[in-house]
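Have a look at the structure below before the remarks.
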Amino acid sequence: MAGRRVLMLTLATVGFGVNFWAWALLSPLGPLFQEDLGLSAFQQALLVAVPVVVGSLGRIPVGALTDRFGGRVMFPLVSAVTIVPVLFLGLAGHTSLTALLIGGFFLGIGGTSFAVGVPFVNAWFPPNRRGLAIGVFGAGMGGTAISALTTVQLVDTAGIATPFVITAAVLALYAILAALVMRDAPDRSVPTESVTRRLADTARLPITWQASALYAVAFGGYVAFSVYLPAYLKTAYGLTQADAANRMAGFVILAVLMRPAGGWLSDRIGPVRVLAAVFAIVMAAATTTAFTPDLMPLGTIGFLSMAAALGAGSGAVFALVALLTPTNKVGSVTGIVGAAGGLGGFIPPLVMGALYGIFGSYTLGLTALAVVAATALLFTITTVRRAATNREVAHV
């Protein structure tokens with residue numbers, strides 16, 4: 001049984017990574033499209049944000065469908081459907097802003113894979129190991145690092161279509177593998193209510209909105225930096241496109257490595273303590289970077305501290321979800337919480353681009369992040385702590 005669990009966790013994590021690789025293809029190319037198509041800072045931010053918002057909102061129905069049909073059906077389906085916009089963007093959809101926005105809209109389907117994997121993995125593991133298991137699955141968000149490290153280089157050496165065609169081929173191979181090998185947990189709880197009824201019931205659970213608020217800051221912050229950091233570094237520090245993309249990849253890799261650590265720590269000391277520490281670190285790091293210090297060493301320390309904290313926080317939020325959510329509603333809750341996280345990543349790039357266009361500075365945007373992190377810290381140590389304590393008392 002243990003070996004089967006590891007195999008299913010591995011398949012889910014790989015599937016999440018491959019779909020996130022596809023989901024993030026436009027971000028590293030944002031500066032290139034800005035130059036070739038004459039885009040404004042806001043248009044560039046909109047281009048990379050559209051897949052984020054679609055992938056986020058799409059998690060709500062996809063999470064509910066996963067509760068009903070299971071990951072064995074949904075993982076191959078999401079992966080196969082994502083191939084279409086990937087090929088469109090690579091072969092025809094990169095010549096105008098309109099085509100890029102249309103392709104980016106449907107590229108967002110890849111981002112819904114998160115809402116497939118969390119309930120799938122949750123069903124395979126016992127409660128005292130779910131924090132680590134879901135954290136390991138969440139490391140699949142490192143697919144964005146693959147995109148950051150390879151996309152620009154592939155375009156420079158082999159043309160604009162190359163990274164898209166390669167990604168489409170990997171998606172196809174994964175969809176076939178998942179269809180043949182992936183299995184749902186034998187004791188998986190299958191809901192009998194309609195999707196609409198389940199979503200309505202989910203909306204009445206306090207954990208749905210508590211976790212959504214926290215994930216909007218933790219994972220939303222990660223997504224915002226992973227899609228906007230190349231443009232920020234190029235503009236604020238004068239880095240080349242390739243250098244900025246590589247530094248963004250370092251940010252992503254650290255966040256990815258810290259996500260399982262956040263889940264592991266949550267299994268041992270509780271997710272509330274982990275989240276409180278996370279938001280305190282983000283608040284301090286955002287305050288520091290708001291003044292645009294020299295990139296070496298203070299700026300780099302600030303951004304890497306945020307990466308580590310946001311990664312750990314993303315893992316801790318779903319340890320909290322696993323702790324407080326009824327088993328047969330994990331997919332539905334995950335869909336809404338995941339949507340909140342993605343939307344949390346959609347808004348900041350637009351705000352940062354707009355503020356920079358008006359004031360020629362990123363200070364206000366990073367200051368706002370510090371204020372949001374402080375608010376999340378206060379919410380965690382009051383409302384969320386009470387909910388977790390009440391849960392523990394109810395199970396004594």
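Just remember, in the structure tokens the first chain shown is A, the second B, etc., residues are 1-based per chain, and ligands are 1-based in the order shown.
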Give me, as JSON lines, each residue of stretch 175-224 of chain A that comes within 7 Å of stretch 338-347 of chain A, together with its shortest interatomic pair and the distance in Å at one decimal, counting only C-alpha atoms, with rows ordered by chain and rising residue number.
{"residue": "A:Ser212", "atom": "CA", "partner": "A:Ala340", "partner_atom": "CA", "distance": 5.3}
{"residue": "A:Tyr215", "atom": "CA", "partner": "A:Gly341", "partner_atom": "CA", "distance": 4.9}
{"residue": "A:Ala216", "atom": "CA", "partner": "A:Gly341", "partner_atom": "CA", "distance": 3.9}
{"residue": "A:Val217", "atom": "CA", "partner": "A:Gly344", "partner_atom": "CA", "distance": 6.2}
{"residue": "A:Phe219", "atom": "CA", "partner": "A:Gly341", "partner_atom": "CA", "distance": 5.2}
{"residue": "A:Gly220", "atom": "CA", "partner": "A:Gly345", "partner_atom": "CA", "distance": 3.9}
{"residue": "A:Gly221", "atom": "CA", "partner": "A:Gly345", "partner_atom": "CA", "distance": 5.8}
{"residue": "A:Val223", "atom": "CA", "partner": "A:Gly345", "partner_atom": "CA", "distance": 4.9}
{"residue": "A:Ala224", "atom": "CA", "partner": "A:Gly345", "partner_atom": "CA", "distance": 4.3}
Only N, CA and C atoms, please: the residues just picked out, written as a PDB file, in the first residue's frame.
ATOM      1  N   SER A 212      -9.136  30.465   1.935  1.00  0.00           N
ATOM      2  CA  SER A 212      -9.079  31.267   0.704  1.00  0.00           C
ATOM      3  C   SER A 212      -8.341  32.578   0.945  1.00  0.00           C
ATOM      4  N   TYR A 215      -4.599  31.791   1.424  1.00  0.00           N
ATOM      5  CA  TYR A 215      -3.956  31.306   0.189  1.00  0.00           C
ATOM      6  C   TYR A 215      -3.848  32.417  -0.851  1.00  0.00           C
ATOM      7  N   ALA A 216      -4.786  33.354  -0.823  1.00  0.00           N
ATOM      8  CA  ALA A 216      -4.710  34.488  -1.738  1.00  0.00           C
ATOM      9  C   ALA A 216      -3.431  35.284  -1.502  1.00  0.00           C
ATOM     10  N   VAL A 217      -2.995  35.331  -0.240  1.00  0.00           N
ATOM     11  CA  VAL A 217      -1.759  36.045   0.084  1.00  0.00           C
ATOM     12  C   VAL A 217      -0.536  35.161  -0.169  1.00  0.00           C
ATOM     13  N   PHE A 219      -0.044  31.860  -1.785  1.00  0.00           N
ATOM     14  CA  PHE A 219       0.190  31.390  -3.152  1.00  0.00           C
ATOM     15  C   PHE A 219       0.010  32.527  -4.153  1.00  0.00           C
ATOM     16  N   GLY A 220      -0.919  33.440  -3.857  1.00  0.00           N
ATOM     17  CA  GLY A 220      -1.095  34.590  -4.742  1.00  0.00           C
ATOM     18  C   GLY A 220       0.175  35.405  -4.851  1.00  0.00           C
ATOM     19  N   GLY A 221       0.865  35.573  -3.721  1.00  0.00           N
ATOM     20  CA  GLY A 221       2.135  36.295  -3.754  1.00  0.00           C
ATOM     21  C   GLY A 221       3.171  35.570  -4.578  1.00  0.00           C
ATOM     22  N   VAL A 223       2.601  33.433  -7.103  1.00  0.00           N
ATOM     23  CA  VAL A 223       2.232  33.529  -8.523  1.00  0.00           C
ATOM     24  C   VAL A 223       2.551  34.919  -9.066  1.00  0.00           C
ATOM     25  N   ALA A 224       2.224  35.946  -8.282  1.00  0.00           N
ATOM     26  CA  ALA A 224       2.465  37.310  -8.730  1.00  0.00           C
ATOM     27  C   ALA A 224       3.942  37.544  -9.036  1.00  0.00           C
TER      28      ALA A 224
END
Would you kindly return, as number ranges by chain, each protein, DNA or RNA residue with an atom no farther than 10 Å from any atom of A:Leu149, considering only C-alpha atoms and excluding same-chain residues fewer than 6 positions away? A: 28, 242, 245-250
Could you take the residues named above and write them with N, CA and C atoms, as a CSV table (one decimal), in the first residue's frame?
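Output file selection.csv is given in full below:
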chain,number,residue,atom,x,y,z
A,28,PRO,N,7.8,34.2,-19.2
A,28,PRO,CA,9.2,34.5,-19.5
A,28,PRO,C,9.3,35.3,-20.8
A,242,ALA,N,17.3,37.5,-20.2
A,242,ALA,CA,17.8,36.1,-19.8
A,242,ALA,C,18.1,36.1,-18.3
A,245,ALA,N,15.0,36.3,-16.1
A,245,ALA,CA,14.3,35.0,-16.2
A,245,ALA,C,15.0,34.0,-15.3
A,246,ASN,N,16.3,34.0,-15.3
A,246,ASN,CA,17.1,33.0,-14.5
A,246,ASN,C,16.9,33.3,-13.0
A,247,ARG,N,16.9,34.6,-12.6
A,247,ARG,CA,16.7,35.0,-11.2
A,247,ARG,C,15.3,34.6,-10.8
A,248,MET,N,14.3,34.8,-11.6
A,248,MET,CA,12.9,34.4,-11.3
A,248,MET,C,12.9,32.9,-11.1
A,249,ALA,N,13.6,32.1,-11.9
A,249,ALA,CA,13.7,30.7,-11.7
A,249,ALA,C,14.2,30.3,-10.3
A,250,GLY,N,15.2,31.1,-9.9
A,250,GLY,CA,15.8,30.8,-8.5
A,250,GLY,C,14.7,31.1,-7.5
Residues near stretch 112-117 of chain A, cut-off 6 Å, only C-alpha atoms, skip fewer than 6 positions along chain, as a ChimeraX atom specification: /A:12,16,55,58-59,63,66,71,334-335
Go through A:Ala41, A:Ala284, A:Thr240, A:Phe225 and flag the residue nearest A:Leu355, using only C-alpha atoms for the distances.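 Closest to A:Leu355 of all the choices is A:Ala41.
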Could you state the separation of atom CA of A:Arg4 and atom CA of A:Gly70 in Å, given to one decimal place?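 Taking atom CA of A:Arg4 as the start and atom CA of A:Gly70 as the end point, the length is 16.4 Å.
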Might you pull out every residue within 10 Å of A:Thr202, with only C-alpha atoms counted and same-chain residues fewer than 4 positions away left off, and present them as a ChimeraX atom specification? /A:64,196-198,206-209,325-326,329-336
I'd like the contact shell of A:Ile281 - 9 Å cut-off, only C-alpha atoms, skipping same-chain residues fewer than 6 positions apart - returned as a PyMOL selection string. chain A and resi 305-306+309+373
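Residues lying within 9 Å of A:Leu257, counting only C-alpha atoms and ignoring same-chain neighbours fewer than 2 positions away, are Val136, Ala139, Gly142, Val252, Ile253, Leu254, Ala255, Arg259, Pro260, Ala261, Ala308, Gly311 and Ala312 of chain A.
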Any chance you can output those residues with N, CA, C and O atoms as a short mmCIF file (atom, residue, chain, number, x, y, z; two decimals), in the first residue's frame?
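Everything below was put into result08.cif:
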data_model
loop_
_atom_site.label_atom_id
_atom_site.label_comp_id
_atom_site.auth_asym_id
_atom_site.auth_seq_id
_atom_site.Cartn_x
_atom_site.Cartn_y
_atom_site.Cartn_z
N VAL A 136 4.38 17.91 -0.88
CA VAL A 136 5.18 17.31 -1.95
C VAL A 136 4.47 17.49 -3.29
O VAL A 136 5.09 17.87 -4.30
N ALA A 139 4.85 20.84 -4.73
CA ALA A 139 6.14 21.16 -5.34
C ALA A 139 6.07 21.08 -6.86
O ALA A 139 6.96 21.58 -7.55
N GLY A 142 6.78 23.80 -9.36
CA GLY A 142 8.09 24.03 -9.96
C GLY A 142 8.08 23.94 -11.47
O GLY A 142 9.08 24.27 -12.12
N VAL A 252 11.48 30.81 -7.85
CA VAL A 252 10.49 29.74 -7.96
C VAL A 252 11.01 28.45 -7.34
O VAL A 252 10.30 27.76 -6.59
N ILE A 253 12.26 28.11 -7.63
CA ILE A 253 12.82 26.86 -7.12
C ILE A 253 12.84 26.85 -5.60
O ILE A 253 12.48 25.86 -4.95
N LEU A 254 13.24 27.97 -4.99
CA LEU A 254 13.26 28.04 -3.52
C LEU A 254 11.85 27.90 -2.95
O LEU A 254 11.63 27.18 -1.97
N ALA A 255 10.89 28.58 -3.57
CA ALA A 255 9.50 28.47 -3.11
C ALA A 255 8.99 27.04 -3.23
O ALA A 255 8.30 26.53 -2.35
N ARG A 259 7.70 24.42 -0.12
CA ARG A 259 6.29 24.03 0.02
C ARG A 259 6.15 22.70 0.77
O ARG A 259 5.35 22.63 1.72
N PRO A 260 6.88 21.64 0.42
CA PRO A 260 6.80 20.43 1.24
C PRO A 260 7.27 20.67 2.67
O PRO A 260 6.73 20.08 3.61
N ALA A 261 8.26 21.55 2.84
CA ALA A 261 8.73 21.86 4.19
C ALA A 261 7.61 22.49 5.01
O ALA A 261 7.46 22.20 6.21
N ALA A 308 10.92 31.81 0.10
CA ALA A 308 10.89 30.72 1.08
C ALA A 308 9.61 30.77 1.91
O ALA A 308 8.95 29.74 2.14
N GLY A 311 6.42 29.95 -0.24
CA GLY A 311 6.36 28.51 -0.54
C GLY A 311 5.89 27.72 0.66
O GLY A 311 5.00 26.87 0.56
N ALA A 312 6.49 27.99 1.83
CA ALA A 312 6.09 27.28 3.05
C ALA A 312 4.64 27.59 3.40
O ALA A 312 3.88 26.70 3.84
#
With distances taken over only C-alpha atoms, which residue among A:Leu214, A:Ile160, A:Ile146, A:Ala133 lies nearest A:His94? A:Ile160
Two-atom distance - atom CA of A:Val152, atom CA of A:Ala307 (Å):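 These atoms are spaced 22.0 Å apart.
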Show me, as a Markdown table, the residues of stretch 64-129 of chain A having an atom within 9 Å of stretch 5-11 of chain A, each with the closest atom pair and its distance in Å, using only C-alpha atoms.
| residue | atom | partner | partner_atom | distance |
| --- | --- | --- | --- | --- |
| A:Gly117 | CA | A:Leu9 | CA | 8.7 |
| A:Phe120 | CA | A:Leu9 | CA | 8.6 |
| A:Val121 | CA | A:Leu9 | CA | 6.2 |
| A:Trp124 | CA | A:Arg5 | CA | 6.1 |
| A:Phe125 | CA | A:Arg5 | CA | 7.3 |
Two-atom distance - atom CA of A:Gly111, atom CA of A:Val78 (Å): 9.2 Å
With only C-alpha atoms as the atoms that count, which of A:Val317, A:Val54, A:Val371, A:Ile381 lies nearest to A:Ala285? A:Val371
